[in-house]
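Here is the file target.cif (mmCIF, C-alpha atoms).
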data_upload
loop_
_atom_site.label_atom_id
_atom_site.label_comp_id
_atom_site.auth_asym_id
_atom_site.auth_seq_id
_atom_site.Cartn_x
_atom_site.Cartn_y
_atom_site.Cartn_z
CA MET A 1 -49.09 -62.95 18.73
CA ASN A 2 -49.65 -66.68 18.84
CA TYR A 3 -46.15 -67.55 17.63
CA GLU A 4 -44.29 -66.00 20.58
CA ASN A 5 -44.35 -69.23 22.61
CA LYS A 6 -43.00 -71.13 19.61
CA LEU A 7 -40.13 -68.63 19.29
CA GLU A 8 -39.26 -69.21 22.95
CA GLN A 9 -39.25 -72.98 22.35
CA ILE A 10 -36.98 -72.57 19.32
CA ASP A 11 -34.52 -70.49 21.33
CA GLU A 12 -34.55 -73.07 24.12
CA LEU A 13 -33.69 -75.80 21.60
CA ASN A 14 -30.86 -73.63 20.28
CA LYS A 15 -29.44 -73.42 23.79
CA GLN A 16 -29.40 -77.24 23.88
CA ILE A 17 -27.71 -77.31 20.47
CA ALA A 18 -25.03 -74.91 21.74
CA VAL A 19 -23.88 -77.56 24.21
CA PHE A 20 -22.64 -79.68 21.27
CA ARG A 21 -20.46 -76.90 19.84
CA PRO A 22 -17.86 -76.89 18.44
CA ILE A 23 -19.23 -79.59 16.13
CA ASN A 24 -16.79 -81.96 14.43
CA LYS A 25 -16.02 -80.84 10.84
CA ASP A 26 -16.80 -84.25 9.37
CA LEU A 27 -20.16 -84.31 11.13
CA LEU A 28 -20.92 -80.76 9.94
CA LYS A 29 -20.23 -81.88 6.38
CA GLN A 30 -22.61 -84.83 6.77
CA ILE A 31 -25.30 -82.57 8.22
CA LYS A 32 -24.87 -80.11 5.36
CA GLU A 33 -25.43 -82.90 2.83
CA TYR A 34 -28.45 -84.11 4.80
CA TYR A 35 -30.05 -80.68 4.52
CA ARG A 36 -28.96 -80.20 0.92
CA ILE A 37 -30.97 -83.27 -0.09
CA GLY A 38 -33.91 -82.53 2.22
CA LEU A 39 -34.29 -78.87 1.29
CA THR A 40 -33.75 -79.43 -2.43
CA TYR A 41 -36.29 -82.23 -2.55
CA SER A 42 -38.93 -80.50 -0.43
CA SER A 43 -38.68 -77.05 -1.99
CA ASN A 44 -38.83 -78.45 -5.52
CA ALA A 45 -41.67 -80.85 -4.64
CA ILE A 46 -43.75 -77.94 -3.36
CA GLU A 47 -43.52 -76.49 -6.88
CA GLY A 48 -44.47 -79.74 -8.62
CA ASN A 49 -41.09 -81.36 -9.24
CA THR A 50 -41.65 -85.14 -9.57
CA LEU A 51 -38.29 -86.39 -8.21
CA THR A 52 -38.62 -88.31 -4.95
CA GLU A 53 -36.20 -87.62 -2.11
CA THR A 54 -34.23 -90.77 -2.99
CA GLU A 55 -34.11 -89.77 -6.67
CA THR A 56 -32.98 -86.27 -5.72
CA LYS A 57 -30.14 -87.84 -3.73
CA VAL A 58 -29.11 -89.96 -6.74
CA VAL A 59 -29.14 -86.94 -9.06
CA LEU A 60 -27.07 -84.79 -6.71
CA GLU A 61 -24.64 -87.35 -5.31
CA ASP A 62 -24.17 -89.66 -8.28
CA GLY A 63 -24.87 -87.29 -11.17
CA LEU A 64 -27.30 -89.77 -12.72
CA THR A 65 -30.55 -89.08 -14.51
CA ILE A 66 -33.77 -90.81 -13.52
CA ALA A 67 -35.51 -92.67 -16.34
CA GLY A 68 -38.92 -91.29 -17.20
CA LYS A 69 -38.45 -88.04 -15.26
CA PRO A 70 -38.38 -84.66 -17.08
CA LEU A 71 -35.01 -83.08 -17.76
CA ARG A 72 -36.26 -79.88 -16.13
CA ASP A 73 -36.77 -81.75 -12.84
CA HIS A 74 -33.09 -82.72 -12.92
CA TYR A 75 -32.07 -79.13 -13.73
CA GLU A 76 -34.14 -77.88 -10.80
CA ALA A 77 -32.41 -80.33 -8.43
CA SER A 78 -28.91 -79.41 -9.61
CA GLY A 79 -29.68 -75.70 -9.64
CA HIS A 80 -31.19 -75.72 -6.17
CA SER A 81 -28.16 -77.60 -4.88
CA GLU A 82 -25.82 -74.93 -6.26
CA ALA A 83 -27.96 -72.15 -4.81
CA PHE A 84 -27.90 -73.98 -1.46
CA ASP A 85 -24.08 -73.92 -1.51
CA CYS A 86 -24.24 -70.21 -2.27
CA VAL A 87 -26.49 -69.60 0.75
CA TYR A 88 -24.06 -71.51 2.97
CA GLU A 89 -21.21 -69.24 1.87
CA LEU A 90 -23.21 -66.03 2.00
CA ALA A 91 -24.37 -66.78 5.54
CA LYS A 92 -20.80 -66.27 6.77
CA LYS A 93 -21.23 -62.52 6.34
CA ARG A 94 -23.59 -60.25 8.24
CA THR A 95 -25.45 -58.58 5.38
CA ILE A 96 -28.04 -59.50 2.77
CA THR A 97 -27.82 -57.58 -0.50
CA GLU A 98 -29.83 -57.35 -3.70
CA LYS A 99 -26.88 -58.91 -5.51
CA ASP A 100 -27.06 -61.92 -3.17
CA ILE A 101 -30.71 -62.54 -4.06
CA LEU A 102 -30.07 -62.20 -7.78
CA ASN A 103 -27.17 -64.63 -7.52
CA ILE A 104 -29.24 -67.20 -5.62
CA HIS A 105 -31.87 -67.08 -8.37
CA ARG A 106 -29.25 -67.19 -11.12
CA LEU A 107 -27.67 -70.36 -9.74
CA PHE A 108 -31.04 -72.06 -9.36
CA TYR A 109 -32.36 -71.05 -12.79
CA TYR A 110 -29.53 -70.76 -15.34
CA ARG A 111 -29.85 -74.34 -16.59
CA ILE A 112 -33.55 -73.80 -17.23
CA ASP A 113 -33.57 -70.29 -18.74
CA GLU A 114 -30.17 -68.61 -18.96
CA ASP A 115 -31.60 -65.37 -20.36
CA ASN A 116 -33.83 -64.77 -17.32
CA ALA A 117 -31.63 -66.29 -14.60
CA GLY A 118 -30.74 -63.74 -11.96
CA LYS A 119 -32.69 -60.99 -13.72
CA TYR A 120 -35.91 -59.26 -12.78
CA ARG A 121 -38.90 -60.05 -14.92
CA LYS A 122 -39.85 -57.68 -17.71
CA VAL A 123 -43.32 -59.18 -18.19
CA PRO A 124 -46.45 -59.30 -16.03
CA VAL A 125 -47.18 -62.54 -14.19
CA VAL A 126 -50.46 -64.10 -13.08
CA ILE A 127 -50.61 -66.40 -10.05
CA THR A 128 -53.29 -69.03 -10.50
CA GLY A 129 -55.80 -69.70 -7.75
CA THR A 130 -55.70 -66.22 -6.21
CA ASP A 131 -56.95 -62.69 -6.86
CA PHE A 132 -53.56 -61.30 -5.87
CA ARG A 133 -51.72 -59.60 -8.72
CA PRO A 134 -47.98 -59.05 -8.37
CA PRO A 135 -46.71 -55.56 -9.18
CA ALA A 136 -46.07 -54.48 -12.76
CA PRO A 137 -42.57 -55.32 -14.01
CA GLY A 138 -41.49 -51.68 -14.05
CA LYS A 139 -42.08 -51.45 -10.29
CA VAL A 140 -40.04 -54.52 -9.38
CA PRO A 141 -36.52 -52.97 -9.12
CA GLY A 142 -37.75 -50.14 -6.89
CA LEU A 143 -39.72 -52.48 -4.64
CA MET A 144 -36.73 -54.78 -4.26
CA ARG A 145 -34.51 -51.83 -3.34
CA LYS A 146 -37.10 -50.81 -0.76
CA ILE A 147 -36.96 -54.26 0.85
CA MET A 148 -33.16 -54.13 0.91
CA ALA A 149 -33.17 -50.67 2.49
CA GLY A 150 -35.52 -51.86 5.23
CA ILE A 151 -33.48 -54.91 6.24
CA PRO A 152 -31.32 -53.26 8.97
CA ALA A 153 -34.39 -51.88 10.78
CA MET A 154 -36.25 -55.18 10.41
CA ARG A 155 -33.33 -57.12 11.88
CA LYS A 156 -33.18 -54.76 14.84
CA LYS A 157 -36.91 -54.86 15.51
CA LEU A 158 -37.87 -58.48 14.85
CA HIS A 159 -36.95 -61.90 16.21
CA PRO A 160 -34.72 -63.63 13.59
CA VAL A 161 -37.40 -66.20 12.75
CA VAL A 162 -40.02 -63.49 12.20
CA PHE A 163 -37.53 -61.49 10.14
CA ALA A 164 -36.83 -64.52 7.94
CA ALA A 165 -40.55 -65.18 7.46
CA LYS A 166 -41.22 -61.57 6.47
CA LEU A 167 -38.31 -61.61 3.99
CA HIS A 168 -39.87 -64.69 2.39
CA GLU A 169 -43.24 -62.95 2.36
CA GLY A 170 -41.84 -59.76 0.83
CA LEU A 171 -40.09 -61.52 -2.03
CA VAL A 172 -43.10 -63.65 -2.92
CA ASP A 173 -45.34 -60.56 -2.86
CA ILE A 174 -43.12 -58.78 -5.38
CA HIS A 175 -42.65 -61.95 -7.45
CA PRO A 176 -39.56 -60.41 -9.06
CA PHE A 177 -38.64 -63.30 -11.38
CA VAL A 178 -40.42 -64.98 -14.27
CA ASP A 179 -40.18 -68.28 -12.38
CA GLY A 180 -38.51 -69.74 -9.29
CA ASN A 181 -39.87 -67.10 -6.89
CA GLY A 182 -41.03 -69.60 -4.25
CA ARG A 183 -37.75 -71.47 -4.21
CA THR A 184 -35.75 -68.25 -4.10
CA ALA A 185 -37.94 -67.03 -1.23
CA ARG A 186 -37.38 -70.22 0.76
CA LEU A 187 -33.63 -70.04 0.12
CA LEU A 188 -33.64 -66.38 1.19
CA MET A 189 -35.54 -67.31 4.34
CA ASN A 190 -32.92 -69.96 5.12
CA PHE A 191 -30.14 -67.49 4.32
CA ALA A 192 -31.51 -65.17 7.02
CA LEU A 193 -32.06 -68.01 9.50
CA PHE A 194 -28.64 -69.56 8.99
CA GLN A 195 -26.97 -66.16 9.20
CA ALA A 196 -28.58 -65.62 12.61
CA GLY A 197 -27.45 -69.00 13.93
CA TYR A 198 -30.66 -70.95 13.31
CA THR A 199 -30.89 -74.24 11.47
CA ILE A 200 -31.85 -74.84 7.85
CA THR A 201 -35.63 -75.11 7.78
CA VAL A 202 -37.54 -77.52 5.58
CA ILE A 203 -41.23 -77.24 4.70
CA PRO A 204 -42.43 -80.82 4.09
CA PRO A 205 -44.31 -81.30 0.79
CA ILE A 206 -47.17 -82.89 2.74
CA LEU A 207 -47.88 -79.39 4.11
CA ARG A 208 -47.84 -77.81 0.64
CA GLY A 209 -51.58 -77.00 0.74
CA ASP A 210 -51.37 -75.27 4.12
CA TYR A 211 -48.23 -73.38 3.13
CA ILE A 212 -49.63 -72.08 -0.16
CA ALA A 213 -52.94 -71.11 1.44
CA LEU A 214 -51.12 -69.11 4.12
CA VAL A 215 -48.91 -67.38 1.56
CA LYS A 216 -52.05 -66.34 -0.34
CA ARG A 217 -53.73 -65.13 2.86
CA SER A 218 -50.70 -63.04 3.79
CA GLN A 219 -50.92 -61.31 0.42
CA THR A 220 -54.30 -59.78 1.27
CA GLY A 221 -52.55 -57.29 3.56
CA PRO A 222 -49.69 -56.91 6.10
CA GLU A 223 -52.14 -57.34 8.98
CA ASP A 224 -52.98 -60.84 7.75
CA ASP A 225 -49.55 -62.43 7.96
CA THR A 226 -49.72 -63.63 11.57
CA ASP A 227 -50.80 -67.13 10.55
CA PHE A 228 -48.01 -67.31 7.96
CA VAL A 229 -45.37 -66.25 10.50
CA ASN A 230 -46.80 -68.78 12.95
CA PHE A 231 -46.55 -71.50 10.30
CA ILE A 232 -42.92 -70.65 9.55
CA SER A 233 -42.18 -70.59 13.29
CA CYS A 234 -43.59 -74.10 13.58
CA MET A 235 -41.44 -75.25 10.64
CA VAL A 236 -38.33 -73.74 12.24
CA TYR A 237 -39.20 -75.44 15.52
CA GLU A 238 -39.57 -78.84 13.86
CA SER A 239 -36.34 -78.42 11.88
CA THR A 240 -34.45 -77.28 15.00
CA LYS A 241 -35.78 -80.30 16.89
CA ASP A 242 -34.60 -82.51 14.01
CA TYR A 243 -31.15 -80.91 14.09
CA LEU A 244 -30.85 -81.49 17.83
CA ARG A 245 -31.87 -85.12 17.30
CA LEU A 246 -29.13 -85.53 14.70
CA LEU A 247 -26.55 -84.15 17.11
CA LYS A 248 -27.71 -86.43 19.93
CA ASP A 249 -27.76 -89.50 17.66
CA THR A 250 -24.19 -88.87 16.46
CA SER A 251 -22.68 -87.73 19.77
CA GLY A 252 -21.69 -91.28 20.70
#
Please go through the file and, once you have read it, give me the structure as structure tokens.
Amino acid sequence: MNYENKLEQIDELNKQIAVFRPINKDLLKQIKEYYRIGLTYSSNAIEGNTLTETETKVVLEDGLTIAGKPLRDHYEASGHSEAFDCVYELAKKRTITEKDILNIHRLFYYRIDEDNAGKYRKVPVVITGTDFRPPAPGKVPGLMRKIMAGIPAMRKKLHPVVFAAKLHEGLVDIHPFVDGNGRTARLLMNFALFQAGYTITVIPPILRGDYIALVKRSQTGPEDDTDFVNFISCMVYESTKDYLRLLKDTSG
């Protein structure tokens, strides 16, 4: 598999990061806010949110609205920020449950559509630009339970980065919610990464086209997800490198 070398490089960077531990609490707080802004901006931008990274920072830190920008864009920023906090807390435990995923979606989505926040869709969905059709709504709960049941074996068998990528892939394939599936999948991926001691991983909006194309390709069959896992591995590598840089720059 062409991502194995990248996984080795990520683990080598993590060894370098370990030298800086324990990390000062004030610095950890600053780093958390850095990733809150970066992940919220990037994940929303991938889905068409028009807030810039600076505007996202203003919305989240100052509670201000941006003139001329849709109210929904502000709701998406605030909701993603709350879901990000949830992921940080959940990552302290060793399990991932169905309830966790529903809660992540609920926090992201309740300002936008309270009735559907944290609830599986009861209607069919069509994904534009692809022949892939998500499962019928009646199959969603059973498919989600199947993913949850398979998590312990997946953790045991797979490298944590590969496990996180496949969790992302599995959720997007089922498309369990009426909206917010991509953002929930990326938060779930980061939940798994953070839980395993890896850094928060950001997919830059400039790579949106590559990312979406690889998600679509992975949906043609399980044997076609190597390129997607490789892409996620590269994103984890870049984010880990960025985290190490932050630690070096603030080490004095």
query: Which one is closest to Arg145 of chain A: A:Gly68, A:Gly209, A:Gly79, A:Pro176? Count only C-alpha atoms.
result: A:Pro176
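Across the model, the gap from atom CA of Ser42 of chain A to atom CA of Gln195 of chain A is 21.0 Å.
Distance annotation: of A:Ser218, A:Asn44, A:Ser233, A:Asn181, the residue with the minimal separation from His159 of chain A is A:Ser233; atom set is only C-alpha atoms.
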Excluding Ile174 of chain A and any residue of its chain fewer than 4 positions from it, enumerate the residues within 12 Å of it, using all atoms listed in the file, and give them as a compact mmCIF listing (two decimals) with C-alpha atoms, keeping the file's coordinate frame.
# COMPACT_ATOMS: atom_id res chain seq x y z
CA TYR A 120 -35.91 -59.26 -12.78
CA ARG A 121 -38.90 -60.05 -14.92
CA PRO A 124 -46.45 -59.30 -16.03
CA VAL A 125 -47.18 -62.54 -14.19
CA VAL A 126 -50.46 -64.10 -13.08
CA ILE A 127 -50.61 -66.40 -10.05
CA PHE A 132 -53.56 -61.30 -5.87
CA ARG A 133 -51.72 -59.60 -8.72
CA PRO A 134 -47.98 -59.05 -8.37
CA PRO A 135 -46.71 -55.56 -9.18
CA ALA A 136 -46.07 -54.48 -12.76
CA PRO A 137 -42.57 -55.32 -14.01
CA GLY A 138 -41.49 -51.68 -14.05
CA LYS A 139 -42.08 -51.45 -10.29
CA VAL A 140 -40.04 -54.52 -9.38
CA PRO A 141 -36.52 -52.97 -9.12
CA GLY A 142 -37.75 -50.14 -6.89
CA LEU A 143 -39.72 -52.48 -4.64
CA MET A 144 -36.73 -54.78 -4.26
CA ARG A 145 -34.51 -51.83 -3.34
CA LYS A 146 -37.10 -50.81 -0.76
CA ILE A 147 -36.96 -54.26 0.85
CA LEU A 167 -38.31 -61.61 3.99
CA HIS A 168 -39.87 -64.69 2.39
CA GLU A 169 -43.24 -62.95 2.36
CA GLY A 170 -41.84 -59.76 0.83
CA VAL A 178 -40.42 -64.98 -14.27
CA ASN A 181 -39.87 -67.10 -6.89
CA GLY A 182 -41.03 -69.60 -4.25
CA ALA A 185 -37.94 -67.03 -1.23
CA GLN A 219 -50.92 -61.31 0.42
- prompt: Written as a PyMOL selection string, what is the full residue list that the PyMOL selection byres ((chain A and resi 31) around 12) yields on the file shown?
  reply: chain A and resi 23-30+32-39+199-200+242-247+249-250
message: Which residues are near Leu207 of chain A? Cut-off 12 Å, only C-alpha atoms, ignore same chain within fewer than 4 positions. Put them as a ChimeraX atom specification.
response: /A:42-43,45-46,202-203,211-214,231-232,234-235
Sorted by chain and rising residue number, which residues of segment 72-188 of chain A lie within 9 Å of segment 58-63 of chain A, and what are their closest atom pairs and distances in Å to one decimal, counting all atoms listed in the file, as JSON lines?
{"residue": "A:His74", "atom": "CA", "partner": "A:Val59", "partner_atom": "CA", "distance": 7.0}
{"residue": "A:Ala77", "atom": "CA", "partner": "A:Leu60", "partner_atom": "CA", "distance": 7.2}
{"residue": "A:Ser78", "atom": "CA", "partner": "A:Leu60", "partner_atom": "CA", "distance": 6.4}
{"residue": "A:Ser81", "atom": "CA", "partner": "A:Leu60", "partner_atom": "CA", "distance": 7.5}
Pick out the residues sitting within 7 Å of Thr201 of chain A, and hand them over as a PDB file with C-alpha atoms, keeping the file's coordinate frame; count all atoms listed in the file, and ignore anything fewer than 6 positions along from it in its own chain.
ATOM      1  CA  ASN A 190     -32.920 -69.960   5.120  1.00  0.00           C
ATOM      2  CA  MET A 235     -41.440 -75.250  10.640  1.00  0.00           C
ATOM      3  CA  VAL A 236     -38.330 -73.740  12.240  1.00  0.00           C
ATOM      4  CA  SER A 239     -36.340 -78.420  11.880  1.00  0.00           C
TER       5      SER A 239
END
